[in-house]
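Q: As input, take start-v9.cif (mmCIF, C-alpha atoms):
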data_upload
loop_
_atom_site.label_atom_id
_atom_site.label_comp_id
_atom_site.auth_asym_id
_atom_site.auth_seq_id
_atom_site.Cartn_x
_atom_site.Cartn_y
_atom_site.Cartn_z
CA MET A 1 2.47 47.69 -22.39
CA ALA A 2 -0.28 45.14 -21.71
CA ILE A 3 -1.03 44.67 -25.42
CA ARG A 4 2.64 44.12 -26.15
CA SER A 5 3.02 41.47 -23.50
CA LEU A 6 -0.11 39.70 -24.75
CA ALA A 7 1.30 39.64 -28.25
CA SER A 8 4.66 38.40 -27.00
CA ARG A 9 2.97 35.60 -25.05
CA ARG A 10 1.11 34.44 -28.14
CA THR A 11 4.24 34.70 -30.22
CA LEU A 12 6.19 32.84 -27.58
CA THR A 13 3.66 30.02 -27.58
CA GLY A 14 3.71 29.91 -31.34
CA LEU A 15 7.50 29.81 -31.32
CA LYS A 16 7.49 27.05 -28.71
CA GLU A 17 5.09 24.93 -30.72
CA THR A 18 7.01 25.43 -33.92
CA SER A 19 10.32 24.63 -32.33
CA SER A 20 8.73 21.62 -30.64
CA ARG A 21 7.57 20.33 -33.98
CA LEU A 22 10.96 21.03 -35.54
CA LEU A 23 12.69 19.12 -32.79
CA GLY A 24 10.23 16.24 -33.18
CA LEU A 25 8.75 16.86 -29.74
CA ARG A 26 5.05 16.64 -29.16
CA SER A 27 3.18 17.65 -26.05
CA ILE A 28 2.04 14.72 -23.98
CA GLN A 29 -1.54 14.17 -23.02
CA THR A 30 -2.08 14.74 -19.33
CA PHE A 31 -4.84 13.27 -17.22
CA THR A 32 -7.44 14.68 -14.90
CA LEU A 33 -9.41 13.21 -12.05
CA PRO A 34 -12.73 11.91 -13.44
CA ASP A 35 -15.88 13.03 -11.64
CA LEU A 36 -17.91 10.45 -9.80
CA PRO A 37 -21.32 9.80 -11.39
CA TYR A 38 -22.94 10.01 -7.91
CA ASP A 39 -22.56 11.92 -4.63
CA TYR A 40 -19.96 10.83 -2.11
CA SER A 41 -22.66 9.74 0.31
CA ALA A 42 -24.75 7.90 -2.28
CA LEU A 43 -23.19 4.49 -1.58
CA GLU A 44 -24.04 4.51 2.12
CA PRO A 45 -24.30 2.47 4.22
CA ALA A 46 -22.11 0.06 2.25
CA ILE A 47 -19.32 2.61 1.80
CA SER A 48 -19.30 5.79 3.84
CA GLY A 49 -19.30 9.24 2.26
CA GLU A 50 -16.13 10.02 4.23
CA ILE A 51 -14.28 7.15 2.58
CA MET A 52 -15.58 8.00 -0.89
CA GLN A 53 -14.46 11.60 -0.57
CA ILE A 54 -10.96 10.82 0.68
CA HIS A 55 -10.59 7.91 -1.72
CA HIS A 56 -11.51 10.09 -4.68
CA GLN A 57 -10.07 13.50 -3.75
CA LYS A 58 -6.88 12.35 -2.06
CA HIS A 59 -5.89 8.88 -3.22
CA HIS A 60 -7.09 8.89 -6.83
CA GLN A 61 -6.08 12.53 -7.27
CA ALA A 62 -2.56 11.70 -6.03
CA TYR A 63 -2.28 8.91 -8.60
CA VAL A 64 -3.35 11.32 -11.35
CA THR A 65 -0.93 14.04 -10.25
CA ASN A 66 1.99 11.65 -9.88
CA TYR A 67 1.16 9.92 -13.16
CA ASN A 68 1.25 13.25 -14.99
CA ASN A 69 4.60 14.05 -13.37
CA ALA A 70 6.02 10.67 -14.33
CA LEU A 71 4.77 11.05 -17.90
CA GLU A 72 6.41 14.44 -18.20
CA GLN A 73 9.69 13.07 -16.94
CA LEU A 74 9.32 10.11 -19.30
CA ASP A 75 8.73 12.45 -22.22
CA GLN A 76 11.91 14.33 -21.44
CA ALA A 77 13.90 11.14 -21.00
CA VAL A 78 12.59 9.71 -24.29
CA ASN A 79 13.44 12.90 -26.14
CA LYS A 80 16.91 12.97 -24.69
CA GLY A 81 17.39 9.32 -25.58
CA ASP A 82 18.17 8.53 -21.95
CA ALA A 83 17.33 4.83 -21.85
CA SER A 84 18.39 4.41 -18.26
CA ALA A 85 16.06 7.16 -17.09
CA VAL A 86 13.22 5.75 -19.19
CA VAL A 87 13.56 2.34 -17.56
CA LYS A 88 13.89 3.85 -14.09
CA LEU A 89 10.56 5.64 -14.52
CA GLN A 90 8.64 2.45 -15.27
CA SER A 91 7.74 1.68 -11.67
CA ALA A 92 6.36 5.19 -11.07
CA ILE A 93 4.31 4.86 -14.25
CA LYS A 94 3.01 1.45 -13.27
CA PHE A 95 2.13 2.56 -9.73
CA ASN A 96 0.49 5.81 -10.59
CA GLY A 97 -0.86 5.03 -14.06
CA GLY A 98 -2.18 1.75 -12.70
CA GLY A 99 -3.75 3.60 -9.79
CA HIS A 100 -5.49 5.95 -12.20
CA VAL A 101 -6.66 3.16 -14.51
CA ASN A 102 -7.91 0.96 -11.68
CA HIS A 103 -9.76 3.66 -9.78
CA SER A 104 -11.41 4.99 -12.94
CA ILE A 105 -12.88 1.51 -13.44
CA PHE A 106 -13.78 1.18 -9.77
CA TRP A 107 -15.98 4.30 -9.67
CA LYS A 108 -17.96 2.85 -12.60
CA ASN A 109 -18.15 -0.52 -10.87
CA LEU A 110 -20.12 1.11 -8.07
CA ALA A 111 -23.62 2.57 -8.14
CA PRO A 112 -26.16 3.78 -5.58
CA VAL A 113 -28.82 1.23 -4.78
CA LYS A 114 -31.50 3.46 -6.30
CA GLU A 115 -29.58 3.45 -9.55
CA GLY A 116 -29.27 -0.31 -9.73
CA GLY A 117 -26.34 -0.89 -7.39
CA GLY A 118 -26.42 -4.47 -6.17
CA GLU A 119 -28.95 -5.68 -8.75
CA PRO A 120 -27.79 -9.02 -10.13
CA PRO A 121 -26.51 -9.09 -13.71
CA LYS A 122 -29.00 -10.06 -16.37
CA GLY A 123 -28.41 -11.03 -19.96
CA SER A 124 -25.32 -12.73 -21.25
CA LEU A 125 -23.06 -11.85 -18.32
CA GLY A 126 -25.54 -13.36 -15.86
CA GLY A 127 -25.57 -16.53 -17.91
CA ALA A 128 -21.80 -16.65 -18.19
CA ILE A 129 -21.43 -16.24 -14.41
CA ASP A 130 -23.78 -19.17 -13.82
CA THR A 131 -21.85 -21.26 -16.34
CA HIS A 132 -18.41 -20.53 -14.90
CA PHE A 133 -19.16 -20.18 -11.19
CA GLY A 134 -22.41 -22.06 -10.72
CA SER A 135 -24.25 -18.98 -9.53
CA LEU A 136 -23.73 -15.34 -8.66
CA GLU A 137 -23.41 -16.40 -5.01
CA GLY A 138 -20.61 -18.74 -6.02
CA LEU A 139 -18.77 -15.92 -7.77
CA VAL A 140 -19.27 -13.53 -4.86
CA LYS A 141 -18.00 -16.13 -2.40
CA LYS A 142 -14.88 -16.76 -4.48
CA MET A 143 -14.06 -13.10 -5.03
CA SER A 144 -14.67 -12.22 -1.38
CA ALA A 145 -12.43 -15.07 -0.22
CA GLU A 146 -9.61 -14.08 -2.57
CA GLY A 147 -9.99 -10.42 -1.67
CA ALA A 148 -9.84 -11.22 2.03
CA ALA A 149 -6.78 -13.43 1.62
CA LEU A 150 -4.78 -10.89 -0.36
CA GLN A 151 -1.74 -9.88 1.69
CA GLY A 152 -0.89 -6.22 1.71
CA SER A 153 -2.47 -4.00 -0.92
CA GLY A 154 -4.17 -4.90 -4.18
CA TRP A 155 -7.34 -5.65 -6.08
CA VAL A 156 -9.62 -8.61 -6.69
CA TRP A 157 -11.09 -8.83 -10.18
CA LEU A 158 -13.72 -10.48 -12.27
CA GLY A 159 -12.30 -10.47 -15.75
CA LEU A 160 -13.03 -11.76 -19.21
CA ASP A 161 -10.30 -13.67 -20.98
CA LYS A 162 -11.02 -12.57 -24.53
CA GLU A 163 -8.90 -15.28 -26.09
CA LEU A 164 -10.16 -18.22 -24.08
CA LYS A 165 -13.64 -16.68 -24.00
CA LYS A 166 -14.17 -17.32 -20.33
CA LEU A 167 -14.64 -15.45 -17.09
CA VAL A 168 -11.82 -15.47 -14.56
CA VAL A 169 -11.32 -14.33 -10.99
CA ASP A 170 -7.86 -13.03 -10.22
CA THR A 171 -6.02 -10.64 -7.92
CA THR A 172 -3.34 -8.06 -8.59
CA ALA A 173 -0.86 -6.55 -6.16
CA ASN A 174 -0.59 -2.84 -5.40
CA GLN A 175 -1.92 -0.89 -8.40
CA ASP A 176 -1.09 -3.45 -11.07
CA PRO A 177 -3.92 -3.40 -13.63
CA LEU A 178 -5.54 -6.74 -14.49
CA VAL A 179 -3.81 -6.81 -17.85
CA THR A 180 -0.51 -7.45 -16.04
CA LYS A 181 -1.85 -10.93 -15.23
CA GLY A 182 -2.61 -11.68 -18.89
CA GLY A 183 -2.68 -9.62 -22.05
CA SER A 184 -6.11 -10.87 -23.06
CA LEU A 185 -7.78 -10.09 -19.74
CA VAL A 186 -10.47 -7.40 -19.69
CA PRO A 187 -11.57 -6.13 -16.27
CA LEU A 188 -15.32 -6.33 -15.65
CA VAL A 189 -15.49 -5.77 -11.88
CA GLY A 190 -12.61 -4.70 -9.66
CA ILE A 191 -12.78 -4.37 -5.89
CA ASP A 192 -10.13 -2.27 -4.18
CA VAL A 193 -8.80 -4.05 -1.08
CA TRP A 194 -6.15 -1.51 -0.14
CA GLU A 195 -6.81 -0.57 3.48
CA HIS A 196 -7.70 2.98 2.44
CA ALA A 197 -10.74 1.57 0.62
CA TYR A 198 -12.42 0.50 3.87
CA TYR A 199 -10.40 1.32 6.99
CA LEU A 200 -12.26 4.37 8.30
CA GLN A 201 -15.49 2.39 8.32
CA TYR A 202 -14.59 -1.28 8.70
CA LYS A 203 -11.18 -0.95 10.41
CA ASN A 204 -9.29 -4.25 10.21
CA VAL A 205 -12.39 -6.27 9.30
CA ARG A 206 -11.84 -6.50 5.55
CA PRO A 207 -14.25 -9.45 5.18
CA GLU A 208 -17.09 -7.24 6.45
CA TYR A 209 -16.29 -4.63 3.79
CA LEU A 210 -16.25 -7.38 1.15
CA LYS A 211 -19.60 -8.65 2.37
CA ASN A 212 -21.18 -5.22 2.04
CA VAL A 213 -19.57 -3.89 -1.12
CA TRP A 214 -21.65 -6.25 -3.27
CA LYS A 215 -24.73 -4.22 -2.33
CA VAL A 216 -23.44 -1.38 -4.48
CA ILE A 217 -21.77 -3.21 -7.34
CA ASN A 218 -22.97 -1.88 -10.69
CA TRP A 219 -23.60 -5.02 -12.71
CA LYS A 220 -25.15 -2.97 -15.53
CA TYR A 221 -21.77 -1.46 -16.33
CA ALA A 222 -20.02 -4.84 -16.10
CA SER A 223 -22.63 -6.30 -18.49
CA GLU A 224 -22.07 -3.49 -20.99
CA VAL A 225 -18.33 -4.11 -21.02
CA TYR A 226 -18.85 -7.85 -21.31
CA GLU A 227 -21.29 -7.57 -24.20
CA LYS A 228 -19.03 -5.15 -26.03
CA GLU A 229 -16.01 -7.44 -25.68
CA CYS A 230 -17.97 -10.49 -26.74
CA LYS A 231 -19.00 -9.05 -30.10
CA MET B 1 21.01 -12.92 16.15
CA ALA B 2 20.59 -12.19 19.85
CA ALA B 3 18.58 -9.00 19.48
CA SER B 4 16.03 -10.54 17.19
CA ALA B 5 15.82 -13.73 19.20
CA ALA B 6 14.61 -11.49 21.99
CA VAL B 7 11.51 -11.13 19.85
CA THR B 8 9.38 -14.01 20.92
CA ALA B 9 10.08 -17.63 20.21
CA ASN B 10 6.65 -18.62 21.41
CA TYR B 11 4.16 -16.80 19.21
CA VAL B 12 2.90 -14.66 22.05
CA LEU B 13 1.14 -11.34 21.62
CA LYS B 14 3.51 -9.31 23.80
CA PRO B 15 2.11 -5.94 24.83
CA PRO B 16 4.09 -2.83 23.89
CA PRO B 17 6.56 -1.73 26.60
CA TYR B 18 4.26 1.19 27.50
CA PRO B 19 0.50 1.69 28.05
CA LEU B 20 -1.59 1.97 24.88
CA ASP B 21 -2.17 5.70 25.45
CA ALA B 22 1.45 6.51 26.28
CA LEU B 23 2.41 7.61 22.76
CA GLU B 24 -0.29 10.28 22.54
CA PRO B 25 -0.67 12.74 20.96
CA HIS B 26 1.73 11.36 18.35
CA MET B 27 0.09 7.95 18.03
CA SER B 28 -3.37 7.62 19.51
CA LYS B 29 -4.66 5.05 21.96
CA GLN B 30 -7.30 4.20 19.35
CA THR B 31 -4.58 3.36 16.83
CA LEU B 32 -2.73 1.17 19.34
CA GLU B 33 -5.99 -0.57 20.28
CA PHE B 34 -6.61 -1.51 16.67
CA HIS B 35 -3.06 -1.89 15.44
CA TRP B 36 -1.81 -3.95 18.39
CA GLY B 37 -5.13 -5.26 19.69
CA LYS B 38 -6.56 -6.38 16.33
CA HIS B 39 -3.96 -6.47 13.55
CA HIS B 40 -0.96 -7.73 15.52
CA ARG B 41 -3.13 -10.09 17.55
CA ALA B 42 -4.58 -11.58 14.34
CA TYR B 43 -1.11 -12.28 12.93
CA VAL B 44 -0.16 -14.14 16.12
CA ASP B 45 -3.43 -16.09 16.34
CA ASN B 46 -3.42 -16.99 12.67
CA LEU B 47 0.20 -18.06 12.81
CA LYS B 48 -0.56 -20.43 15.67
CA LYS B 49 -3.41 -21.96 13.68
CA GLN B 50 -1.27 -22.21 10.58
CA VAL B 51 1.67 -24.06 12.12
CA LEU B 52 -0.37 -26.30 14.38
CA GLY B 53 0.39 -29.89 13.56
CA SER B 54 3.06 -28.98 11.03
CA GLU B 55 6.81 -29.46 11.26
CA LEU B 56 7.12 -25.74 11.97
CA GLU B 57 5.12 -25.96 15.18
CA GLY B 58 7.19 -24.98 18.21
CA LYS B 59 10.09 -23.69 16.12
CA PRO B 60 11.45 -20.23 16.97
CA LEU B 61 9.71 -17.46 15.11
CA GLU B 62 12.83 -16.48 13.22
CA HIS B 63 13.29 -20.04 12.00
CA ILE B 64 9.74 -19.98 10.61
CA ILE B 65 10.36 -16.63 8.95
CA GLN B 66 13.55 -17.76 7.20
CA ASN B 67 12.11 -21.12 6.25
CA THR B 68 8.86 -19.79 4.81
CA TYR B 69 10.49 -16.84 3.04
CA ASN B 70 11.82 -19.58 0.81
CA ASN B 71 14.12 -17.22 -1.11
CA GLY B 72 11.24 -14.98 -2.09
CA ASP B 73 8.82 -17.72 -3.15
CA LEU B 74 6.75 -17.20 -0.03
CA LEU B 75 5.11 -20.11 1.73
CA PRO B 76 1.74 -19.48 3.42
CA PRO B 77 2.90 -18.98 7.04
CA PHE B 78 5.43 -16.30 6.05
CA ASN B 79 3.05 -13.36 6.21
CA ASN B 80 1.74 -14.13 9.66
CA ALA B 81 5.15 -15.09 11.06
CA ALA B 82 6.98 -12.07 9.68
CA GLN B 83 4.21 -9.66 10.57
CA ALA B 84 4.09 -11.01 14.15
CA TRP B 85 7.84 -10.39 14.40
CA ASN B 86 7.72 -7.01 12.65
CA HIS B 87 5.03 -5.61 14.89
CA GLU B 88 6.69 -6.60 18.14
CA PHE B 89 9.89 -5.02 16.79
CA PHE B 90 7.91 -1.89 15.85
CA TRP B 91 6.36 -1.32 19.31
CA GLU B 92 9.83 -1.67 20.83
CA SER B 93 11.23 0.79 18.28
CA MET B 94 9.15 3.53 19.89
CA LYS B 95 8.88 5.09 23.33
CA PRO B 96 6.99 7.95 24.96
CA GLY B 97 9.07 11.11 24.68
CA GLY B 98 11.21 9.57 21.98
CA GLY B 99 12.42 10.85 18.66
CA GLY B 100 14.95 13.47 17.72
CA LYS B 101 18.68 13.05 17.39
CA PRO B 102 20.59 10.26 19.10
CA SER B 103 23.91 10.88 20.85
CA GLY B 104 27.18 9.14 21.52
CA GLU B 105 28.28 6.18 19.48
CA LEU B 106 25.02 5.87 17.58
CA LEU B 107 25.19 9.47 16.37
CA ALA B 108 28.82 8.94 15.40
CA LEU B 109 27.90 5.91 13.33
CA LEU B 110 25.01 7.69 11.64
CA GLU B 111 27.37 10.53 10.78
CA ARG B 112 29.95 8.05 9.51
CA ASP B 113 27.55 6.13 7.25
CA PHE B 114 25.18 8.91 6.17
CA THR B 115 27.50 11.96 6.58
CA SER B 116 25.02 13.56 8.99
CA TYR B 117 21.95 12.84 11.08
CA GLU B 118 20.00 15.09 8.71
CA LYS B 119 21.03 13.00 5.70
CA PHE B 120 20.00 9.84 7.54
CA TYR B 121 16.67 11.50 8.45
CA ASP B 122 16.02 12.40 4.81
CA GLU B 123 16.95 8.96 3.54
CA PHE B 124 14.82 7.14 6.12
CA ASN B 125 11.98 9.54 5.43
CA ALA B 126 12.22 8.99 1.68
CA ALA B 127 12.30 5.22 2.03
CA ALA B 128 9.20 5.24 4.23
CA ALA B 129 7.39 7.65 1.93
CA THR B 130 8.19 5.82 -1.30
CA GLN B 131 7.54 2.23 -0.22
CA PHE B 132 4.58 1.76 -2.51
CA GLY B 133 1.59 -0.04 -1.09
CA ALA B 134 2.09 -1.85 2.19
CA GLY B 135 5.49 -2.29 3.80
CA TRP B 136 8.15 -1.09 6.20
CA ALA B 137 11.21 1.15 6.29
CA TRP B 138 14.24 0.10 8.34
CA LEU B 139 17.56 1.16 9.70
CA ALA B 140 19.66 -1.98 9.39
CA TYR B 141 23.22 -3.12 10.04
CA ALA B 142 25.31 -5.33 7.77
CA ASP B 143 29.04 -5.65 7.04
CA ASN B 144 29.84 -3.15 9.77
CA LYS B 145 27.71 -0.50 8.10
CA LEU B 146 24.38 1.15 8.81
CA LYS B 147 21.92 1.42 5.96
CA VAL B 148 18.31 2.36 5.22
CA VAL B 149 16.17 -0.35 3.65
CA LYS B 150 12.54 -0.46 2.55
CA THR B 151 10.57 -3.67 2.21
CA PRO B 152 7.13 -4.61 0.83
CA ASN B 153 4.31 -6.19 2.79
CA ALA B 154 5.80 -8.50 5.45
CA VAL B 155 9.38 -8.74 4.25
CA ASN B 156 12.04 -7.70 6.76
CA PRO B 157 15.85 -7.41 6.78
CA LEU B 158 16.25 -10.79 8.53
CA VAL B 159 15.54 -12.52 5.23
CA LEU B 160 17.74 -10.07 3.34
CA GLY B 161 20.83 -10.84 5.39
CA SER B 162 21.03 -7.79 7.65
CA PHE B 163 20.28 -6.98 11.29
CA PRO B 164 17.20 -4.80 11.80
CA LEU B 165 17.79 -1.88 14.19
CA LEU B 166 14.73 0.36 13.76
CA THR B 167 11.49 0.15 11.84
CA ILE B 168 8.43 2.17 10.87
CA ASP B 169 5.25 0.45 9.71
CA VAL B 170 3.91 2.11 6.55
CA TRP B 171 0.92 -0.13 5.95
CA GLU B 172 -2.06 2.22 5.77
CA HIS B 173 -3.52 0.80 8.99
CA ALA B 174 -0.52 2.24 10.85
CA TYR B 175 -1.46 5.86 10.16
CA TYR B 176 -4.88 5.99 8.60
CA LEU B 177 -6.82 6.90 11.75
CA ASP B 178 -4.36 9.48 13.13
CA PHE B 179 -3.16 11.11 9.91
CA GLN B 180 -6.41 11.37 8.02
CA GLN B 181 -6.57 12.20 4.36
CA ASN B 182 -3.67 9.95 3.49
CA ARG B 183 -0.99 12.02 5.21
CA ARG B 184 1.78 9.42 5.35
CA PRO B 185 4.57 12.06 5.18
CA ASP B 186 3.26 13.73 8.38
CA TYR B 187 3.13 10.34 10.13
CA ILE B 188 6.75 9.62 9.19
CA LYS B 189 7.95 13.00 10.48
CA THR B 190 6.02 12.54 13.72
CA PHE B 191 7.62 9.12 14.16
CA MET B 192 11.12 10.51 13.56
CA ASN B 193 10.64 13.60 15.72
CA ASN B 194 8.63 12.17 18.59
CA LEU B 195 8.63 8.39 18.83
CA VAL B 196 11.92 6.70 17.91
CA SER B 197 13.55 4.86 20.82
CA TRP B 198 17.27 5.30 20.24
CA GLU B 199 17.90 3.20 23.36
CA ALA B 200 16.31 0.24 21.62
CA VAL B 201 18.34 0.94 18.49
CA SER B 202 21.58 1.10 20.52
CA SER B 203 21.00 -2.17 22.31
CA ARG B 204 20.05 -3.88 19.05
CA LEU B 205 23.23 -2.53 17.46
CA GLU B 206 25.34 -3.90 20.32
CA ALA B 207 23.73 -7.30 19.89
CA ALA B 208 24.23 -7.16 16.12
CA LYS B 209 27.91 -6.30 16.51
CA ALA B 210 28.36 -9.10 19.04
CA ALA B 211 26.65 -11.57 16.75
CA SER B 212 28.80 -10.51 13.80
CA SER B 213 32.13 -10.84 15.59
#
Using structure tokens, write down the structure from this file.
A:
Amino acid sequence: MAIRSLASRRTLTGLKETSSRLLGLRSIQTFTLPDLPYDYSALEPAISGEIMQIHHQKHHQAYVTNYNNALEQLDQAVNKGDASAVVKLQSAIKFNGGGHVNHSIFWKNLAPVKEGGGEPPKGSLGGAIDTHFGSLEGLVKKMSAEGAALQGSGWVWLGLDKELKKLVVDTTANQDPLVTKGGSLVPLVGIDVWEHAYYLQYKNVRPEYLKNVWKVINWKYASEVYEKECK
Amino acid sequence: MAASAAVTANYVLKPPPYPLDALEPHMSKQTLEFHWGKHHRAYVDNLKKQVLGSELEGKPLEHIIQNTYNNGDLLPPFNNAAQAWNHEFFWESMKPGGGGKPSGELLALLERDFTSYEKFYDEFNAAAATQFGAGWAWLAYADNKLKVVKTPNAVNPLVLGSFPLLTIDVWEHAYYLDFQQNRRPDYIKTFMNNLVSWEAVSSRLEAAKAASS
């Protein structure tokens, strides 16, 4: 009995794949929550372990789960040729896909102090920051001010405009990725200013969070991205 | 709009119509201390600073809100003005021992426009749960009809041409301390079941009807 059901399951899968191919369907790639390259408490005292855990396991996980759901619905709508449904799904894809994209970058933008978090950028990125913003302090001041002034939820970014070959500071609302502000923009450093990113520790004092987050910014990663894009 | 004009014309931080611990265990004193004492207070203080010396100074709050909404192309004072208004409206939308089903005319209207209280509950719940990012969910009145509306950030039904009757704040600061681990759905249910002041909704509806006639 058991052997028969095993065989049927395999056959069933085979049948499903064949019929999928015949119908021109392909299975969509789904996404999983990336692991953090450090412990939840490793960014203390700048960002508490409690925040890191909830931010990663609840917020980012929810974006991943909802993104996968939206993609599956999109796949079905595309296959059915239901244009109206496809368009209707765009906001769920932007919210949740954007949330996944942005947070995946964010975890890499952060590093424990003992792994270089907070160390100023060297090399070409350091030079470019001095050129465009006068100094690292100038950049930090600008990003912190724009992050503090952002109304509601969103992100403040340091980006590279690949076309114009210059660094830019910009903000995006909600979970809009930086590319929604310009197709040639590459995110180098993003700072989450949604309340969930700091509330349990800093409460309403977002500027205090912005002052402290720089102590754990991973400039090594930002430099790698910058150098790669500049080739 | 008489009901909304009752919300301050003078940019004052009005205390909620109950002590800060009166909504426990559904909304903690700690939340009220931060949400009213810090967030709401900051909107009022910053608004005062922003309009000082400008042509908006001294104008009724609603005038500032409409003017700075600027048909969606928001002018700087909008956020502080609208958020000052929204929060005062929010505290007055709740009461100790509130929540549950209304009765009388209000229930009849909900049943007329949503087919049942349960359908209204689900629709209000869904709006509050799916307002992405920061924002508010509302019961509003326009063209002799009740409807559920959701708005982003500081936007409210005043600038969308309808009379606000009830609101729930779904900015994360509204529920993040009491409903840990991002449990917005639980916060919304608690609000609906335990906090809504239907008396406030009724009196706002009367004022809205009077203003429309």
Q: For chain A, list the residues within 6 Å of chain B, counting all atoms listed in the file, and write the list as a list in words.
A: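 Interface list for chain A against chain B: Ile54, Gly152, Ser153, Asn174 and Glu195 of chain A.
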Q: Store the residues of this selection in a file with C-alpha atoms, as an mmCIF file, keeping the file's coordinate frame.
A:
data_model
loop_
_atom_site.group_PDB
_atom_site.id
_atom_site.type_symbol
_atom_site.label_atom_id
_atom_site.label_comp_id
_atom_site.auth_asym_id
_atom_site.auth_seq_id
_atom_site.Cartn_x
_atom_site.Cartn_y
_atom_site.Cartn_z
ATOM 1 C CA ILE A 54 -10.960 10.820 0.680
ATOM 2 C CA GLY A 152 -0.890 -6.220 1.710
ATOM 3 C CA SER A 153 -2.470 -4.000 -0.920
ATOM 4 C CA ASN A 174 -0.590 -2.840 -5.400
ATOM 5 C CA GLU A 195 -6.810 -0.570 3.480
#
Q: So which residues get picked by the PyMOL selection byres ((chain A and resi 60) around 10) here, written as a ChimeraX atom specification?
A: /A:32-34,54-59,61-66,96,99-104
Q: Applying the PyMOL selection byres ((chain A and resi 198) around 10) to the file I just gave you, which residues come out? Please list them as a list of chain:residue names.
A: A:Ala46, A:Ile47, A:Ser48, A:Ile51, A:Met52, A:His55, A:Asp192, A:Val193, A:Trp194, A:Glu195, A:His196, A:Ala197, A:Tyr199, A:Leu200, A:Gln201, A:Tyr202, A:Lys203, A:Asn204, A:Val205, A:Arg206, A:Glu208, A:Tyr209, A:Leu210, A:Val213
Q: Carefully work through the PyMOL selection byres ((chain A and resi 105-117) around 7) for this structure and note down the residues it includes, as a list in words.
A: Leu36, Ala42, Leu43, Val101, Asn102, His103, Ser104, Gly118, Glu119, Val189, Gly190, Ile191, Lys215, Val216, Ile217, Asn218 and Tyr221 of chain A
Q: Restrict the selected residues to C-alpha atoms and save them as an mmCIF file, keeping the file's coordinate frame.
A:
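For reference, out14.cif as written:
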data_model
loop_
_atom_site.group_PDB
_atom_site.id
_atom_site.type_symbol
_atom_site.label_atom_id
_atom_site.label_comp_id
_atom_site.auth_asym_id
_atom_site.auth_seq_id
_atom_site.Cartn_x
_atom_site.Cartn_y
_atom_site.Cartn_z
ATOM 1 C CA LEU A 36 -17.910 10.450 -9.800
ATOM 2 C CA ALA A 42 -24.750 7.900 -2.280
ATOM 3 C CA LEU A 43 -23.190 4.490 -1.580
ATOM 4 C CA VAL A 101 -6.660 3.160 -14.510
ATOM 5 C CA ASN A 102 -7.910 0.960 -11.680
ATOM 6 C CA HIS A 103 -9.760 3.660 -9.780
ATOM 7 C CA SER A 104 -11.410 4.990 -12.940
ATOM 8 C CA GLY A 118 -26.420 -4.470 -6.170
ATOM 9 C CA GLU A 119 -28.950 -5.680 -8.750
ATOM 10 C CA VAL A 189 -15.490 -5.770 -11.880
ATOM 11 C CA GLY A 190 -12.610 -4.700 -9.660
ATOM 12 C CA ILE A 191 -12.780 -4.370 -5.890
ATOM 13 C CA LYS A 215 -24.730 -4.220 -2.330
ATOM 14 C CA VAL A 216 -23.440 -1.380 -4.480
ATOM 15 C CA ILE A 217 -21.770 -3.210 -7.340
ATOM 16 C CA ASN A 218 -22.970 -1.880 -10.690
ATOM 17 C CA TYR A 221 -21.770 -1.460 -16.330
#
Q: Go ahead and compute the interatomic distance for atom CA of A:Ala128 and atom CA of A:Asn212, in Å to one decimal.
A: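 For atom CA of A:Ala128 relative to atom CA of A:Asn212, the distance reads 23.2 Å.
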Q: Return the single residue from A:Thr180, A:Gln53, A:Ser124, A:Thr131 that is closest to A:Cys230, with distances computed using only C-alpha atoms.
A: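 Once distances to A:Cys230 are computed over only C-alpha atoms, the minimum belongs to A:Ser124.
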Q: Got a sec: who's within 12 Å of stretch 134-137 of chain A, counting all atoms listed in the file, leaving out chain neighbours fewer than 3 positions off, as a ChimeraX atom specification?
A: /A:118-122,125-131,140-144,158,211,214,219
Q: Could you tell me how far atom CA of A:Asp176 sits from atom CA of A:Lys94, in Å to one decimal place?
A: 6.8 Å
Q: Would you pick out the contacts of A:Gln175 at 7 Å or less, using only C-alpha atoms, so that residues sharing its chain but fewer than 2 positions from it are not included, and give the list as an MDAnalysis selection string?
A: chainID A and resid 95 98:99 154 173 177
Q: Could you state the separation of atom CA of B:Val44 and atom CA of B:Leu13 in Å, given to one decimal place?
A: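 It comes out at 6.3 Å.
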Q: Name the closest residue to B:Phe124 among the candidates B:Trp136, B:Tyr11, B:Trp85, B:Tyr69; distances are taken between atoms, counting only C-alpha atoms.
A: B:Trp136
Q: Rank nothing, just name the residue among B:Lys145, B:Lys49, B:Lys95, B:Lys59 nearest to B:His26, using all atoms listed in the file.
A: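 That would be B:Lys95, the residue with the smallest distance to B:His26.
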Q: Given the choices B:Gly161, B:Ser212, B:Glu105, B:Asn193, which gets closest to B:Asn71 if the distance is worked out from all atoms listed in the file?
A: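 Among B:Gly161, B:Ser212, B:Glu105, B:Asn193, it is B:Gly161 that comes nearest to B:Asn71.
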Q: Would you list the contacts of stretch 159-165 of chain A as a ChimeraX atom specification, taking every protein, DNA or RNA residue within 9 Å and counting only C-alpha atoms, but skipping same-chain residues closer than 3 positions in sequence?
A: /A:168-170,178,182-190,226,229-230
Q: Mind checking which residues fall within 8 Å of A:Leu74, counting all atoms listed in the file, ignoring those fewer than 4 positions away in the same chain, and posting them as a CSV table (one decimal) with C-alpha atoms, keeping the file's coordinate frame?
A:
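Below you can see around22.csv, which holds the result:
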chain,number,residue,atom,x,y,z
A,70,ALA,CA,6.0,10.7,-14.3
A,78,VAL,CA,12.6,9.7,-24.3
A,85,ALA,CA,16.1,7.2,-17.1
A,86,VAL,CA,13.2,5.8,-19.2
A,89,LEU,CA,10.6,5.6,-14.5
